[in-house]
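What's in coords_36.pdb: PDB, N, CA and C atoms
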MODEL        1
ATOM      1  N   MET A 115      12.453 -10.663   3.877
ATOM      2  CA  MET A 115      11.433 -10.010   3.106
ATOM      3  C   MET A 115      10.368  -9.478   4.067
ATOM      4  N   VAL A 116       9.923  -8.296   3.822
ATOM      5  CA  VAL A 116       8.869  -7.700   4.617
ATOM      6  C   VAL A 116       7.620  -7.615   3.761
ATOM      7  N   LYS A 117       6.504  -8.023   4.305
ATOM      8  CA  LYS A 117       5.236  -7.891   3.605
ATOM      9  C   LYS A 117       4.416  -6.853   4.335
ATOM     10  N   ALA A 118       4.010  -5.822   3.645
ATOM     11  CA  ALA A 118       3.150  -4.802   4.223
ATOM     12  C   ALA A 118       1.775  -4.957   3.625
ATOM     13  N   ILE A 119       0.758  -4.955   4.461
ATOM     14  CA  ILE A 119      -0.590  -5.157   3.980
ATOM     15  C   ILE A 119      -1.515  -4.116   4.576
ATOM     16  N   LEU A 120      -2.309  -3.487   3.734
ATOM     17  CA  LEU A 120      -3.347  -2.572   4.166
ATOM     18  C   LEU A 120      -4.678  -3.205   3.801
ATOM     19  N   LEU A 121      -5.525  -3.422   4.784
ATOM     20  CA  LEU A 121      -6.814  -4.018   4.530
ATOM     21  C   LEU A 121      -7.916  -3.135   5.076
ATOM     22  N   ALA A 122      -8.982  -3.004   4.326
ATOM     23  CA  ALA A 122     -10.130  -2.243   4.806
ATOM     24  C   ALA A 122     -11.326  -2.530   3.934
ATOM     25  N   GLY A 123     -12.479  -2.380   4.522
ATOM     26  CA  GLY A 123     -13.697  -2.494   3.745
ATOM     27  C   GLY A 123     -13.815  -1.313   2.799
ATOM     28  N   ALA A 124     -13.281  -0.176   3.216
ATOM     29  CA  ALA A 124     -13.301   1.038   2.392
ATOM     30  C   ALA A 124     -12.001   1.777   2.633
ATOM     31  N   ALA A 125     -10.938   1.329   2.013
ATOM     32  CA  ALA A 125      -9.612   1.872   2.288
ATOM     33  C   ALA A 125      -9.459   3.322   1.850
ATOM     34  N   LEU A 126     -10.030   3.682   0.749
ATOM     35  CA  LEU A 126      -9.924   5.053   0.285
ATOM     36  C   LEU A 126     -11.205   5.787   0.646
ATOM     37  N   VAL A 127     -11.114   6.675   1.616
ATOM     38  CA  VAL A 127     -12.286   7.344   2.149
ATOM     39  C   VAL A 127     -13.078   8.054   1.065
ATOM     40  N   SER A 128     -12.421   8.799   0.208
ATOM     41  CA  SER A 128     -13.128   9.586  -0.790
ATOM     42  C   SER A 128     -13.811   8.731  -1.854
ATOM     43  N   GLN A 129     -13.366   7.495  -2.049
ATOM     44  CA  GLN A 129     -13.940   6.635  -3.066
ATOM     45  C   GLN A 129     -14.731   5.477  -2.473
ATOM     46  N   ALA A 130     -15.023   5.529  -1.185
ATOM     47  CA  ALA A 130     -15.618   4.379  -0.512
ATOM     48  C   ALA A 130     -16.908   3.918  -1.168
ATOM     49  N   SER A 131     -17.738   4.820  -1.620
ATOM     50  CA  SER A 131     -19.006   4.412  -2.193
ATOM     51  C   SER A 131     -18.987   4.401  -3.723
ATOM     52  N   ALA A 132     -17.898   4.785  -4.331
ATOM     53  CA  ALA A 132     -17.818   4.828  -5.794
ATOM     54  C   ALA A 132     -17.660   3.425  -6.359
ATOM     55  N   ALA A 133     -18.049   3.260  -7.609
ATOM     56  CA  ALA A 133     -17.851   1.981  -8.279
ATOM     57  C   ALA A 133     -16.352   1.733  -8.428
ATOM     58  N   CYS A 134     -15.955   0.477  -8.320
ATOM     59  CA  CYS A 134     -14.544   0.145  -8.433
ATOM     60  C   CYS A 134     -14.132   0.179  -9.905
ATOM     61  N   THR A 135     -13.158   1.013 -10.192
ATOM     62  CA  THR A 135     -12.657   1.132 -11.563
ATOM     63  C   THR A 135     -11.161   0.878 -11.571
ATOM     64  N   ARG A 136     -10.650   0.613 -12.735
ATOM     65  CA  ARG A 136      -9.206   0.441 -12.893
ATOM     66  C   ARG A 136      -8.481   1.725 -12.491
ATOM     67  N   ALA A 137      -9.040   2.880 -12.864
ATOM     68  CA  ALA A 137      -8.426   4.166 -12.515
ATOM     69  C   ALA A 137      -8.348   4.354 -11.001
ATOM     70  N   LEU A 138      -9.393   3.964 -10.286
ATOM     71  CA  LEU A 138      -9.393   4.050  -8.818
ATOM     72  C   LEU A 138      -8.270   3.195  -8.234
ATOM     73  N   LEU A 139      -8.133   1.982  -8.736
ATOM     74  CA  LEU A 139      -7.090   1.080  -8.237
ATOM     75  C   LEU A 139      -5.700   1.577  -8.608
ATOM     76  N   GLN A 140      -5.554   2.136  -9.811
ATOM     77  CA  GLN A 140      -4.265   2.697 -10.210
ATOM     78  C   GLN A 140      -3.894   3.868  -9.307
ATOM     79  N   ASP A 141      -4.852   4.710  -8.984
ATOM     80  CA  ASP A 141      -4.596   5.840  -8.080
ATOM     81  C   ASP A 141      -4.193   5.356  -6.695
ATOM     82  N   ALA A 142      -4.860   4.307  -6.210
ATOM     83  CA  ALA A 142      -4.532   3.753  -4.894
ATOM     84  C   ALA A 142      -3.108   3.201  -4.875
ATOM     85  N   ALA A 143      -2.734   2.474  -5.922
ATOM     86  CA  ALA A 143      -1.387   1.910  -6.001
ATOM     87  C   ALA A 143      -0.342   3.012  -6.116
ATOM     88  N   ALA A 144      -0.606   4.030  -6.924
ATOM     89  CA  ALA A 144       0.335   5.151  -7.076
ATOM     90  C   ALA A 144       0.513   5.900  -5.762
ATOM     91  N   ALA A 145      -0.587   6.077  -5.026
ATOM     92  CA  ALA A 145      -0.499   6.752  -3.718
ATOM     93  C   ALA A 145       0.344   5.934  -2.753
ATOM     94  N   TYR A 146       0.184   4.612  -2.792
ATOM     95  CA  TYR A 146       0.981   3.744  -1.930
ATOM     96  C   TYR A 146       2.472   3.835  -2.265
ATOM     97  N   VAL A 147       2.809   3.779  -3.542
ATOM     98  CA  VAL A 147       4.219   3.852  -3.951
ATOM     99  C   VAL A 147       4.817   5.188  -3.512
ATOM    100  N   LYS A 148       4.079   6.267  -3.698
ATOM    101  CA  LYS A 148       4.570   7.585  -3.286
ATOM    102  C   LYS A 148       4.723   7.673  -1.766
ATOM    103  N   ALA A 149       3.744   7.145  -1.037
ATOM    104  CA  ALA A 149       3.823   7.175   0.428
ATOM    105  C   ALA A 149       5.039   6.397   0.919
ATOM    106  N   GLN A 150       5.288   5.219   0.333
ATOM    107  CA  GLN A 150       6.435   4.411   0.762
ATOM    108  C   GLN A 150       7.753   5.045   0.371
ATOM    109  N   SER A 151       7.830   5.617  -0.813
ATOM    110  CA  SER A 151       9.098   6.192  -1.256
ATOM    111  C   SER A 151       9.457   7.462  -0.489
ATOM    112  N   THR A 152       8.471   8.101   0.114
ATOM    113  CA  THR A 152       8.729   9.311   0.902
ATOM    114  C   THR A 152       8.652   9.069   2.404
ATOM    115  N   GLY A 153       8.194   7.891   2.816
ATOM    116  CA  GLY A 153       8.056   7.599   4.239
ATOM    117  C   GLY A 153       6.936   8.379   4.892
ATOM    118  N   GLN A 154       5.908   8.703   4.115
ATOM    119  CA  GLN A 154       4.788   9.501   4.631
ATOM    120  C   GLN A 154       3.470   8.742   4.471
ATOM    121  N   PRO A 155       3.102   7.913   5.440
ATOM    122  CA  PRO A 155       1.842   7.178   5.330
ATOM    123  C   PRO A 155       0.628   8.101   5.276
ATOM    124  N   SER A 156       0.789   9.349   5.683
ATOM    125  CA  SER A 156      -0.331  10.297   5.639
ATOM    126  C   SER A 156      -0.746  10.626   4.203
ATOM    127  N   LEU A 157       0.074  10.276   3.211
ATOM    128  CA  LEU A 157      -0.291  10.499   1.815
ATOM    129  C   LEU A 157      -1.391   9.544   1.350
ATOM    130  N   LEU A 158      -1.637   8.499   2.131
ATOM    131  CA  LEU A 158      -2.696   7.560   1.795
ATOM    132  C   LEU A 158      -3.991   7.998   2.470
ATOM    133  N   PRO A 159      -5.035   8.231   1.694
ATOM    134  CA  PRO A 159      -6.319   8.625   2.287
ATOM    135  C   PRO A 159      -7.043   7.401   2.842
ATOM    136  N   LEU A 160      -6.614   6.946   4.002
ATOM    137  CA  LEU A 160      -7.141   5.707   4.571
ATOM    138  C   LEU A 160      -8.329   5.965   5.491
ATOM    139  N   ALA A 161      -9.241   5.028   5.488
ATOM    140  CA  ALA A 161     -10.385   5.084   6.389
ATOM    141  C   ALA A 161      -9.924   4.770   7.811
ATOM    142  N   ASP A 162     -10.741   5.105   8.785
ATOM    143  CA  ASP A 162     -10.397   4.860  10.193
ATOM    144  C   ASP A 162     -10.306   3.378  10.524
ATOM    145  N   ASN A 163     -11.009   2.534   9.781
ATOM    146  CA  ASN A 163     -11.042   1.111  10.109
ATOM    147  C   ASN A 163     -10.002   0.280   9.355
ATOM    148  N   VAL A 164      -8.952   0.906   8.859
ATOM    149  CA  VAL A 164      -7.906   0.193   8.132
ATOM    150  C   VAL A 164      -7.063  -0.630   9.097
ATOM    151  N   THR A 165      -6.737  -1.844   8.685
ATOM    152  CA  THR A 165      -5.810  -2.679   9.436
ATOM    153  C   THR A 165      -4.499  -2.697   8.659
ATOM    154  N   TYR A 166      -3.409  -2.333   9.313
ATOM    155  CA  TYR A 166      -2.080  -2.350   8.698
ATOM    156  C   TYR A 166      -1.293  -3.474   9.358
ATOM    157  N   ALA A 167      -0.689  -4.318   8.542
ATOM    158  CA  ALA A 167       0.076  -5.442   9.081
ATOM    159  C   ALA A 167       1.373  -5.614   8.315
ATOM    160  N   GLU A 168       2.402  -6.035   9.029
ATOM    161  CA  GLU A 168       3.678  -6.418   8.425
ATOM    162  C   GLU A 168       3.976  -7.829   8.895
ATOM    163  N   ASN A 169       4.246  -8.719   7.962
ATOM    164  CA  ASN A 169       4.496 -10.122   8.274
ATOM    165  C   ASN A 169       3.377 -10.706   9.134
ATOM    166  N   ASP A 170       2.148 -10.368   8.768
ATOM    167  CA  ASP A 170       0.943 -10.870   9.431
ATOM    168  C   ASP A 170       0.806 -10.424  10.886
ATOM    169  N   VAL A 171       1.460  -9.329  11.255
ATOM    170  CA  VAL A 171       1.342  -8.760  12.593
ATOM    171  C   VAL A 171       0.784  -7.345  12.455
ATOM    172  N   SER A 172      -0.337  -7.066  13.123
ATOM    173  CA  SER A 172      -0.931  -5.730  13.064
ATOM    174  C   SER A 172      -0.029  -4.710  13.722
ATOM    175  N   LEU A 173       0.157  -3.580  13.045
ATOM    176  CA  LEU A 173       1.001  -2.502  13.553
ATOM    177  C   LEU A 173       0.315  -1.163  13.310
ATOM    178  N   ASN A 174       0.811  -0.143  13.977
ATOM    179  CA  ASN A 174       0.372   1.217  13.709
ATOM    180  C   ASN A 174       1.024   1.642  12.401
ATOM    181  N   VAL A 175       0.219   2.129  11.461
ATOM    182  CA  VAL A 175       0.728   2.520  10.142
ATOM    183  C   VAL A 175       1.769   3.635  10.258
ATOM    184  N   LYS A 176       1.696   4.426  11.331
ATOM    185  CA  LYS A 176       2.627   5.549  11.507
ATOM    186  C   LYS A 176       3.992   5.127  12.035
ATOM    187  N   THR A 177       4.130   3.878  12.485
ATOM    188  CA  THR A 177       5.411   3.434  13.021
ATOM    189  C   THR A 177       6.000   2.235  12.279
ATOM    190  N   GLY A 178       5.272   1.698  11.326
ATOM    191  CA  GLY A 178       5.741   0.546  10.574
ATOM    192  C   GLY A 178       6.658   0.936   9.426
ATOM    193  N   LEU A 179       6.918  -0.013   8.565
ATOM    194  CA  LEU A 179       7.792   0.187   7.401
ATOM    195  C   LEU A 179       7.313   1.338   6.529
ATOM    196  N   LEU A 180       6.017   1.523   6.443
ATOM    197  CA  LEU A 180       5.466   2.576   5.596
ATOM    198  C   LEU A 180       5.898   3.970   6.050
ATOM    199  N   SER A 181       6.314   4.094   7.293
ATOM    200  CA  SER A 181       6.759   5.397   7.803
ATOM    201  C   SER A 181       8.239   5.658   7.530
ATOM    202  N   GLN A 182       8.909   4.728   6.867
ATOM    203  CA  GLN A 182      10.326   4.882   6.551
ATOM    204  C   GLN A 182      10.515   5.126   5.060
ATOM    205  N   THR A 183      11.388   6.049   4.720
ATOM    206  CA  THR A 183      11.683   6.325   3.317
ATOM    207  C   THR A 183      12.424   5.139   2.720
ATOM    208  N   VAL A 184      11.933   4.640   1.620
ATOM    209  CA  VAL A 184      12.546   3.507   0.935
ATOM    210  C   VAL A 184      12.759   3.888  -0.527
ATOM    211  N   LYS A 185      14.000   3.749  -0.990
ATOM    212  CA  LYS A 185      14.290   4.003  -2.405
ATOM    213  C   LYS A 185      13.767   2.807  -3.194
ATOM    214  N   ILE A 186      12.749   3.044  -3.988
ATOM    215  CA  ILE A 186      12.110   1.976  -4.746
ATOM    216  C   ILE A 186      12.764   1.885  -6.124
ATOM    217  N   ASP A 187      13.310   0.725  -6.415
ATOM    218  CA  ASP A 187      13.978   0.498  -7.694
ATOM    219  C   ASP A 187      13.007   0.038  -8.775
ATOM    220  N   PHE A 188      11.946  -0.622  -8.362
ATOM    221  CA  PHE A 188      11.006  -1.196  -9.316
ATOM    222  C   PHE A 188       9.674  -1.401  -8.618
ATOM    223  N   ASP A 189       8.585  -1.129  -9.324
ATOM    224  CA  ASP A 189       7.272  -1.470  -8.775
ATOM    225  C   ASP A 189       6.367  -1.942  -9.895
ATOM    226  N   ARG A 190       5.436  -2.795  -9.530
ATOM    227  CA  ARG A 190       4.440  -3.262 -10.490
ATOM    228  C   ARG A 190       3.161  -3.551  -9.715
ATOM    229  N   SER A 191       2.031  -3.315 -10.383
ATOM    230  CA  SER A 191       0.734  -3.545  -9.761
ATOM    231  C   SER A 191      -0.162  -4.359 -10.675
ATOM    232  N   VAL A 192      -1.033  -5.128 -10.051
ATOM    233  CA  VAL A 192      -2.057  -5.897 -10.743
ATOM    234  C   VAL A 192      -3.382  -5.445 -10.146
ATOM    235  N   TYR A 193      -4.382  -5.228 -11.006
ATOM    236  CA  TYR A 193      -5.652  -4.675 -10.560
ATOM    237  C   TYR A 193      -6.782  -5.672 -10.787
ATOM    238  N   ASP A 194      -7.607  -5.841  -9.764
ATOM    239  CA  ASP A 194      -8.774  -6.729  -9.829
ATOM    240  C   ASP A 194     -10.014  -5.873  -9.610
ATOM    241  N   THR A 195     -10.647  -5.434 -10.700
ATOM    242  CA  THR A 195     -11.812  -4.568 -10.570
ATOM    243  C   THR A 195     -13.037  -5.321 -10.064
ATOM    244  N   THR A 196     -13.088  -6.617 -10.280
ATOM    245  CA  THR A 196     -14.214  -7.411  -9.770
ATOM    246  C   THR A 196     -14.158  -7.507  -8.250
ATOM    247  N   GLY A 197     -12.987  -7.819  -7.721
ATOM    248  CA  GLY A 197     -12.804  -7.911  -6.270
ATOM    249  C   GLY A 197     -12.454  -6.580  -5.642
ATOM    250  N   CYS A 198     -12.291  -5.559  -6.446
ATOM    251  CA  CYS A 198     -11.903  -4.217  -6.017
ATOM    252  C   CYS A 198     -10.649  -4.276  -5.148
ATOM    253  N   ALA A 199      -9.590  -4.807  -5.723
ATOM    254  CA  ALA A 199      -8.327  -4.960  -5.013
ATOM    255  C   ALA A 199      -7.162  -4.640  -5.944
ATOM    256  N   ALA A 200      -6.083  -4.168  -5.366
ATOM    257  CA  ALA A 200      -4.849  -3.924  -6.107
ATOM    258  C   ALA A 200      -3.716  -4.628  -5.368
ATOM    259  N   PHE A 201      -2.902  -5.345  -6.103
ATOM    260  CA  PHE A 201      -1.727  -6.007  -5.547
ATOM    261  C   PHE A 201      -0.512  -5.280  -6.095
ATOM    262  N   THR A 202       0.323  -4.759  -5.216
ATOM    263  CA  THR A 202       1.502  -4.005  -5.641
ATOM    264  C   THR A 202       2.761  -4.656  -5.089
ATOM    265  N   GLU A 203       3.733  -4.851  -5.973
ATOM    266  CA  GLU A 203       5.036  -5.383  -5.592
ATOM    267  C   GLU A 203       6.059  -4.261  -5.711
ATOM    268  N   LEU A 204       6.853  -4.087  -4.667
ATOM    269  CA  LEU A 204       7.923  -3.097  -4.664
ATOM    270  C   LEU A 204       9.251  -3.814  -4.509
ATOM    271  N   SER A 205      10.260  -3.344  -5.233
ATOM    272  CA  SER A 205      11.598  -3.881  -5.080
ATOM    273  C   SER A 205      12.520  -2.746  -4.666
ATOM    274  N   ALA A 206      13.224  -2.970  -3.567
ATOM    275  CA  ALA A 206      14.140  -1.970  -3.041
ATOM    276  C   ALA A 206      15.516  -2.603  -2.860
ATOM    277  N   ALA A 207      15.999  -3.226  -3.906
ATOM    278  CA  ALA A 207      17.241  -3.990  -3.838
ATOM    279  C   ALA A 207      18.456  -3.141  -3.491
ATOM    280  N   THR A 208      18.488  -1.893  -3.942
ATOM    281  CA  THR A 208      19.662  -1.062  -3.674
ATOM    282  C   THR A 208      19.466  -0.168  -2.461
ATOM    283  N   ASN A 209      18.402  -0.389  -1.716
ATOM    284  CA  ASN A 209      18.128   0.397  -0.517
ATOM    285  C   ASN A 209      19.115   0.029   0.586
ATOM    286  N   SER A 210      19.427   0.965   1.457
ATOM    287  CA  SER A 210      20.372   0.689   2.545
ATOM    288  C   SER A 210      19.782  -0.233   3.607
ATOM    289  N   HIS A 211      18.457  -0.336   3.674
ATOM    290  CA  HIS A 211      17.807  -1.253   4.612
ATOM    291  C   HIS A 211      17.543  -2.577   3.898
ATOM    292  N   PRO A 212      17.548  -3.677   4.621
ATOM    293  CA  PRO A 212      17.394  -4.993   3.989
ATOM    294  C   PRO A 212      15.936  -5.362   3.707
ATOM    295  N   TYR A 213      15.203  -4.500   2.991
ATOM    296  CA  TYR A 213      13.799  -4.789   2.736
ATOM    297  C   TYR A 213      13.614  -5.708   1.546
ATOM    298  N   GLY A 214      14.458  -5.590   0.542
ATOM    299  CA  GLY A 214      14.328  -6.443  -0.633
ATOM    300  C   GLY A 214      13.040  -6.185  -1.371
ATOM    301  N   THR A 215      12.288  -7.246  -1.621
ATOM    302  CA  THR A 215      11.017  -7.139  -2.331
ATOM    303  C   THR A 215       9.889  -7.376  -1.345
ATOM    304  N   TYR A 216       8.877  -6.554  -1.428
ATOM    305  CA  TYR A 216       7.722  -6.781  -0.576
ATOM    306  C   TYR A 216       6.450  -6.415  -1.318
ATOM    307  N   ASN A 217       5.347  -6.877  -0.788
ATOM    308  CA  ASN A 217       4.074  -6.809  -1.494
ATOM    309  C   ASN A 217       3.021  -6.136  -0.645
ATOM    310  N   THR A 218       2.067  -5.538  -1.325
ATOM    311  CA  THR A 218       0.963  -4.887  -0.654
ATOM    312  C   THR A 218      -0.336  -5.266  -1.341
ATOM    313  N   LEU A 219      -1.336  -5.544  -0.571
ATOM    314  CA  LEU A 219      -2.658  -5.831  -1.094
ATOM    315  C   LEU A 219      -3.638  -4.824  -0.534
ATOM    316  N   TYR A 220      -4.321  -4.115  -1.414
ATOM    317  CA  TYR A 220      -5.382  -3.191  -1.021
ATOM    318  C   TYR A 220      -6.712  -3.853  -1.304
ATOM    319  N   LEU A 221      -7.589  -3.842  -0.351
ATOM    320  CA  LEU A 221      -8.969  -4.232  -0.579
ATOM    321  C   LEU A 221      -9.802  -2.989  -0.364
ATOM    322  N   ILE A 222     -10.467  -2.544  -1.388
ATOM    323  CA  ILE A 222     -11.202  -1.285  -1.314
ATOM    324  C   ILE A 222     -12.689  -1.554  -1.200
TER     325      ILE A 222
ENDMDL
END
Write the structure described by the file as structure tokens, please.
Amino acid sequence: MVKAILLAGAALVSQASAACTRALLQDAAAAYVKAQSTGQPSLLPLADNVTYAENDVSLNVKTGLLSQTVKIDFDRSVYDTTGCAAFTELSAATNSHPYGTYNTLYLI
């Protein structure tokens, strides 16, 4: 299992100072799913101070799992508007790579 984590004080540059809403978190999760399914981390509007980690090891977001196209069979997200965080689970069971299920936590 691979765990991909994006952490930042202000992960979404355009919304950094906006109030945390469910819609903001839903947009962040949708952008993540699209970025992973296309292998284009540039689709995520990330701040310069974002830390990207896989299995608790910091990596360059442009060379990690997020830069690889993954056929996503199932995804689900949970939104915490109080903590301004979104937890997203992706399942890629039928993918040719052995990623299986992995999780992402956004702190905005």
Worksheet item: Can you list every residue in region 172-210 of chain A that DSSP puts in strand (DSSP E or B), as a PyMOL selection string?
Response: chain A and resi 172-173+188-194+199-206
Practice prompt. Apply the PyMOL selection byres (((chain A and resi 140-157 and name CA) around 6) and name CA) to the structure shown and report the selected residues as an MDAnalysis selection string.
Written response: chainID A and resid 137:139 158 180:185
Keeping only N, CA and C atoms, take the residues you just selected and write them out as a tab-separated table (two decimals), in the frame of the given file.
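Now in result_27.tsv:
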chain	number	residue	atom	x	y	z
A	137	ALA	N	-9.04	2.88	-12.86
A	137	ALA	CA	-8.43	4.17	-12.52
A	137	ALA	C	-8.35	4.35	-11.00
A	138	LEU	N	-9.39	3.96	-10.29
A	138	LEU	CA	-9.39	4.05	-8.82
A	138	LEU	C	-8.27	3.20	-8.23
A	139	LEU	N	-8.13	1.98	-8.74
A	139	LEU	CA	-7.09	1.08	-8.24
A	139	LEU	C	-5.70	1.58	-8.61
A	158	LEU	N	-1.64	8.50	2.13
A	158	LEU	CA	-2.70	7.56	1.80
A	158	LEU	C	-3.99	8.00	2.47
A	180	LEU	N	6.02	1.52	6.44
A	180	LEU	CA	5.47	2.58	5.60
A	180	LEU	C	5.90	3.97	6.05
A	181	SER	N	6.31	4.09	7.29
A	181	SER	CA	6.76	5.40	7.80
A	181	SER	C	8.24	5.66	7.53
A	182	GLN	N	8.91	4.73	6.87
A	182	GLN	CA	10.33	4.88	6.55
A	182	GLN	C	10.52	5.13	5.06
A	183	THR	N	11.39	6.05	4.72
A	183	THR	CA	11.68	6.32	3.32
A	183	THR	C	12.42	5.14	2.72
A	184	VAL	N	11.93	4.64	1.62
A	184	VAL	CA	12.55	3.51	0.94
A	184	VAL	C	12.76	3.89	-0.53
A	185	LYS	N	14.00	3.75	-0.99
A	185	LYS	CA	14.29	4.00	-2.40
A	185	LYS	C	13.77	2.81	-3.19
Practice prompt. Find the distance between CA of Asp194 (chain A) and CA of Arg136 (chain A) and write it in Å to one decimal.
Written response: 7.8 Å
Response to the item:
Between A:Leu160, A:Asp189, A:Gly178, A:Asn169, smallest distance to Thr202 (chain A) by all atoms listed in the file belongs to A:Asp189
Worksheet entry | Among the residues A:Cys134, A:Ala207, A:Val164, A:Leu173, the one that comes closest to Thr195 (chain A) [using only N, CA and C atoms] | A:Cys134
Item to complete: Rounded to one decimal place, report the atom C of Asn174 (chain A)-atom C of Thr196 (chain A) distance in Å.
Response: 27.2 Å
Worksheet item: Of the candidates A:Ile186, A:Val175, A:Thr165, A:Val192, which shows the shortest atom-to-atom distance to Leu204 (chain A), using all atoms listed in the file?
Response: A:Ile186
Practice prompt. Find the residue from A:Lys176, A:Ala161, A:Thr135, A:Glu203 that sits nearest to Arg190 (chain A); use only N, CA and C atoms when measuring.
Written response: A:Glu203
Item to complete: To one decimal in Å, tell me the separation between atom N of Ser205 (chain A) and CA of Val171 (chain A).
Response: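 Taking atom N of Ser205 (chain A) as the start and CA of Val171 (chain A) as the end point, the length is 20.7 Å.
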